Amino acid sequence: MKREEDSIVNSQGSLSVSDESIARLLCDDNHVEEAVRLIMKKYGEPLYWHIRRMVVAHDDAEDCLQETMINVYKYRSTYSNEYPLSSWLYKIATNESLKLLKNRSGYNLSVDDLGDSLKDSVREEASPDADETLILLQEAIALLPAKQKMVFNLRYYDDKSYEEIHQIVGDSVNTLKTNYHYAVQKIKDYILEHQL
Amino acid sequence: MKDFDLESLSREMPYRMPEHFLDDMTERVVAQIGKQRKHRVERRIVALFASAASVAAVALLFLHPFGGGFDIPDYESISQCASVDEVLQNMTADELGVYSMMSNYYGN
């Protein structure tokens with residue numbers, strides 16, 4: 001057992017470490033820091049982009065990712081092998097993103113009311129050489145209601161199956177499909193309307 | 001009506017991630033987790049000492065119910081304490097002045 005763990009720790013630079021091995025390390029108090037390093041190596045970038053697509057600004061994405069990883073440590077005992085580790089991580093990241101947006105919207109507004117301000121941030125945050133259509137796409141995504149945004153991003157960018165999205169978001173597969181369909185339609189309309 | 005093929009678009013993002021961001025973030029998170037673990041260990045030690053102290057207190061009560069085992073000074077030993085008059089007799093004139101002033105102030 002010890003030799004197996006050592007080999008996992010030594011190969012932390014490799015992305016071939018299985019989620020089962022990472023989960024095992026995460027539940028072991030003596031190896032929790034190695035597990036966090038492995039998670040950051042394997043999922044840090046996709047989680048960052050998943051969060052950034054939700055909150056738009058880099059500084060907010062940074063705060064959310066850090067909170068996500070701290071929560072991974074804090075609530076590691078709640079992880080169940082029934083679900084893939086990646087779904088659990090995405091779920092925490094999604095919740096952190098929604099929490100940040102909720103704090104931003106205040107008591108009187110909902111997360112969905114932030115669309116316009118998020119849309120404005122897209123252009124501010126875009127790099128100077130960014131493709132105009134990609135900016136329009138992000139603006140259209142920013143204007144979507146939170147649920148449609150999550151479903152669209154997870155399916156379109158992260159190639160998640162509806163079953164995996166169900167594990168992350170919690171809605172039924174049929175509801176998710178409907179959300180995705182509406183999201184695609186709204187995005188297409190927005191791009192067609194604003195494209196030069 | 002014109003249609004737009006989303007699938008034809010690149011999955012690239014129009015934003016950039018700062019260089020070394022993920023490495024820096026990893027170190028920050030690991031450092032924070034280290035701090036939290038240390039606090040947790042400290043809290044456990046304090047809780048352990050508190051439990052040990054509680055057990056000791058209960059054991060002491062069990063062994064010496066109603067404080068029977070403690071040394072409580074009896075009347076004789078109390079009476080051996082110097083009386084106020086004796087103390088006053090041994091005071092210098094200055095000390096008596098201060099004592100009288102303080103007594104007046106506190107109404108004694």
# chains A, B, ... in the order shown; residues from 1 in each chain; ligands from 1
call {"tool": "interface_residues", "arguments": {"of": "chain A", "to": "chain B", "cutoff": "9 Å", "atoms": "only C-alpha atoms", "output": "PyMOL selection string"}}
result
chain A and resi 32-34+36-37+40-41+44-45+48-49+53+56+58+62+65-67+69-70+73-74+122-123+125-135+138+156-157+184+187-189+191-192
call {"tool": "write_last_selection", "arguments": {"atoms": "N, CA and C atoms", "output": "short mmCIF file (atom, residue, chain, number, x, y, z; two decimals), in the first residue's frame"}}
result
data_model
loop_
_atom_site.label_atom_id
_atom_site.label_comp_id
_atom_site.auth_asym_id
_atom_site.auth_seq_id
_atom_site.Cartn_x
_atom_site.Cartn_y
_atom_site.Cartn_z
N VAL A 32 -2.94 14.55 1.85
CA VAL A 32 -3.96 15.46 1.32
C VAL A 32 -3.35 16.58 0.47
N GLU A 33 -2.17 17.05 0.86
CA GLU A 33 -1.55 18.13 0.08
C GLU A 33 -1.10 17.63 -1.30
N GLU A 34 -0.60 16.40 -1.35
CA GLU A 34 -0.23 15.82 -2.65
C GLU A 34 -1.47 15.69 -3.52
N VAL A 36 -4.15 17.52 -3.44
CA VAL A 36 -4.55 18.85 -3.92
C VAL A 36 -3.66 19.28 -5.08
N ARG A 37 -2.37 18.99 -4.97
CA ARG A 37 -1.44 19.32 -6.08
C ARG A 37 -1.84 18.56 -7.35
N MET A 40 -4.95 20.04 -8.85
CA MET A 40 -4.63 21.30 -9.55
C MET A 40 -3.94 21.02 -10.88
N LYS A 41 -3.09 20.00 -10.89
CA LYS A 41 -2.36 19.67 -12.11
C LYS A 41 -3.32 19.14 -13.19
N GLY A 44 -6.99 21.81 -12.62
CA GLY A 44 -6.88 23.25 -12.35
C GLY A 44 -7.30 24.10 -13.53
N GLU A 45 -6.78 23.77 -14.70
CA GLU A 45 -7.07 24.60 -15.88
C GLU A 45 -8.53 24.49 -16.32
N TYR A 48 -10.61 26.33 -13.83
CA TYR A 48 -10.44 27.78 -13.95
C TYR A 48 -11.32 28.32 -15.09
N TRP A 49 -11.26 27.67 -16.25
CA TRP A 49 -12.03 28.15 -17.40
C TRP A 49 -13.52 27.98 -17.19
N ARG A 53 -15.78 31.29 -17.30
CA ARG A 53 -16.90 31.45 -18.24
C ARG A 53 -18.16 31.89 -17.48
N VAL A 56 -16.65 35.62 -15.58
CA VAL A 56 -15.99 36.49 -16.58
C VAL A 56 -14.65 37.10 -16.13
N HIS A 58 -11.12 37.77 -14.40
CA HIS A 58 -10.06 36.88 -13.92
C HIS A 58 -9.96 36.91 -12.39
N GLU A 62 -10.19 33.79 -9.96
CA GLU A 62 -9.10 33.43 -9.05
C GLU A 62 -9.66 33.14 -7.64
N LEU A 65 -11.71 29.89 -7.69
CA LEU A 65 -10.91 28.66 -7.80
C LEU A 65 -10.24 28.35 -6.46
N GLN A 66 -9.75 29.41 -5.81
CA GLN A 66 -9.11 29.18 -4.50
C GLN A 66 -10.13 28.64 -3.49
N GLU A 67 -11.31 29.23 -3.46
CA GLU A 67 -12.35 28.75 -2.54
C GLU A 67 -12.75 27.32 -2.89
N MET A 69 -10.89 24.99 -4.17
CA MET A 69 -9.87 24.04 -3.71
C MET A 69 -9.87 23.91 -2.18
N ILE A 70 -10.13 25.02 -1.49
CA ILE A 70 -10.21 24.96 -0.03
C ILE A 70 -11.42 24.09 0.37
N TYR A 73 -10.73 20.46 0.07
CA TYR A 73 -10.03 19.97 1.27
C TYR A 73 -11.00 19.82 2.45
N LYS A 74 -11.80 20.87 2.68
CA LYS A 74 -12.69 20.89 3.84
C LYS A 74 -13.72 19.77 3.80
N VAL A 122 -17.17 41.20 -20.47
CA VAL A 122 -16.56 40.35 -21.49
C VAL A 122 -15.59 41.15 -22.34
N ARG A 123 -16.04 42.29 -22.83
CA ARG A 123 -15.20 43.11 -23.71
C ARG A 123 -14.01 43.69 -22.95
N GLU A 125 -12.51 42.32 -20.43
CA GLU A 125 -11.57 41.25 -20.08
C GLU A 125 -10.91 40.62 -21.31
N ALA A 126 -11.50 40.81 -22.48
CA ALA A 126 -10.99 40.15 -23.69
C ALA A 126 -9.60 40.68 -24.05
N SER A 127 -8.75 39.79 -24.53
CA SER A 127 -7.42 40.25 -24.93
C SER A 127 -7.54 41.07 -26.22
N PRO A 128 -6.61 42.01 -26.43
CA PRO A 128 -6.73 42.94 -27.57
C PRO A 128 -6.82 42.25 -28.92
N ASP A 129 -6.17 41.07 -29.03
CA ASP A 129 -6.16 40.39 -30.33
C ASP A 129 -7.25 39.32 -30.44
N ALA A 130 -8.21 39.36 -29.53
CA ALA A 130 -9.25 38.31 -29.53
C ALA A 130 -10.17 38.44 -30.75
N ASP A 131 -10.60 37.29 -31.24
CA ASP A 131 -11.52 37.24 -32.39
C ASP A 131 -12.88 37.82 -32.00
N GLU A 132 -13.42 38.67 -32.86
CA GLU A 132 -14.69 39.36 -32.56
C GLU A 132 -15.84 38.36 -32.35
N THR A 133 -15.87 37.32 -33.15
CA THR A 133 -16.97 36.35 -33.00
C THR A 133 -16.90 35.64 -31.66
N LEU A 134 -15.66 35.38 -31.20
CA LEU A 134 -15.51 34.72 -29.89
C LEU A 134 -15.97 35.65 -28.76
N ILE A 135 -15.73 36.95 -28.96
CA ILE A 135 -16.20 37.92 -27.96
C ILE A 135 -17.73 37.95 -27.96
N GLN A 138 -19.09 34.99 -26.15
CA GLN A 138 -19.04 35.13 -24.69
C GLN A 138 -20.06 36.13 -24.18
N TYR A 156 -20.76 22.41 -24.27
CA TYR A 156 -20.07 22.95 -25.44
C TYR A 156 -18.56 22.99 -25.23
N TYR A 157 -18.12 23.47 -24.07
CA TYR A 157 -16.68 23.64 -23.85
C TYR A 157 -16.03 22.44 -23.17
N VAL A 184 -28.59 27.49 -26.96
CA VAL A 184 -28.04 27.52 -28.32
C VAL A 184 -28.83 28.50 -29.19
N ILE A 187 -28.04 32.11 -28.23
CA ILE A 187 -26.68 32.48 -28.63
C ILE A 187 -26.63 32.76 -30.14
N LYS A 188 -27.25 31.87 -30.88
CA LYS A 188 -27.29 32.05 -32.35
C LYS A 188 -27.95 33.37 -32.70
N ASP A 189 -29.09 33.64 -32.07
CA ASP A 189 -29.82 34.89 -32.35
C ASP A 189 -28.94 36.10 -32.04
N ILE A 191 -25.64 36.35 -31.87
CA ILE A 191 -24.49 36.50 -32.78
C ILE A 191 -24.97 37.00 -34.14
N LEU A 192 -26.06 36.44 -34.63
CA LEU A 192 -26.58 36.89 -35.93
C LEU A 192 -26.98 38.36 -35.89
#
call {"tool": "select_by_dssp", "arguments": {"residues": "region 85-193 of chain A", "states": "helix (DSSP H, G or I)", "output": "ChimeraX atom specification"}}
result
/A:85-105,111-125,132-142,146-156,162-169,173-193
call {"tool": "residues_around", "arguments": {"residues": "region 160-174 of chain A", "least_positions_apart": "2", "cutoff": "8 Å", "atoms": "only C-alpha atoms", "output": "list in words"}}
result
Tyr83, Ser87, Trp88, Tyr90, Lys91, Thr94, Met150, Val151, Leu154, Arg155, Tyr156, Asp158, Leu176, Lys177 and Thr178 of chain A
call {"tool": "atom_distance", "arguments": {"atom1": "CA of Arg24 (chain A)", "atom2": "CA of Ala47 (chain B)"}}
result
28.2 Å
call {"tool": "closest_residue", "arguments": {"among": "A:Glu96, A:Asp112, A:Asp120, A:Asp28", "to": "His50 (chain A)", "atoms": "only C-alpha atoms"}}
result
A:Glu96
call {"tool": "residues_around", "arguments": {"residues": "Gln148 (chain A)", "least_positions_apart": "2", "cutoff": "8 Å", "atoms": "only C-alpha atoms", "output": "compact mmCIF listing (two decimals) with N, CA and C atoms, in the first residue's frame"}}
result
# COMPACT_ATOMS: atom_id res chain seq x y z
N LEU A 144 -27.15 34.79 -20.79
CA LEU A 144 -28.04 33.65 -20.53
C LEU A 144 -28.37 33.55 -19.04
N PRO A 145 -29.56 33.01 -18.71
CA PRO A 145 -29.84 32.69 -17.31
C PRO A 145 -28.80 31.67 -16.81
N ALA A 146 -28.52 31.73 -15.51
CA ALA A 146 -27.42 30.93 -14.94
C ALA A 146 -27.51 29.45 -15.30
N MET A 150 -24.72 27.39 -17.43
CA MET A 150 -23.96 26.24 -16.88
C MET A 150 -24.04 25.06 -17.84
N VAL A 151 -25.27 24.75 -18.25
CA VAL A 151 -25.48 23.59 -19.11
C VAL A 151 -24.75 23.77 -20.45
N PHE A 152 -24.90 24.96 -21.03
CA PHE A 152 -24.25 25.21 -22.32
C PHE A 152 -22.73 25.08 -22.18
N ASN A 179 -32.71 23.09 -21.57
CA ASN A 179 -31.87 24.27 -21.26
C ASN A 179 -30.82 24.49 -22.34
N TYR A 180 -30.20 23.40 -22.78
CA TYR A 180 -29.14 23.52 -23.80
C TYR A 180 -29.73 24.04 -25.11
N TYR A 182 -32.44 25.88 -25.59
CA TYR A 182 -32.76 27.31 -25.48
C TYR A 182 -31.49 28.15 -25.55
N ALA A 183 -30.46 27.68 -24.86
CA ALA A 183 -29.20 28.43 -24.81
C ALA A 183 -28.63 28.59 -26.22
call {"tool": "atom_distance", "arguments": {"atom1": "CA of Lys42 (chain A)", "atom2": "CA of Asp29 (chain A)"}}
result
20.3 Å
call {"tool": "atom_distance", "arguments": {"atom1": "CA of Lys119 (chain A)", "atom2": "CA of Ile92 (chain A)"}}
result
23.9 Å
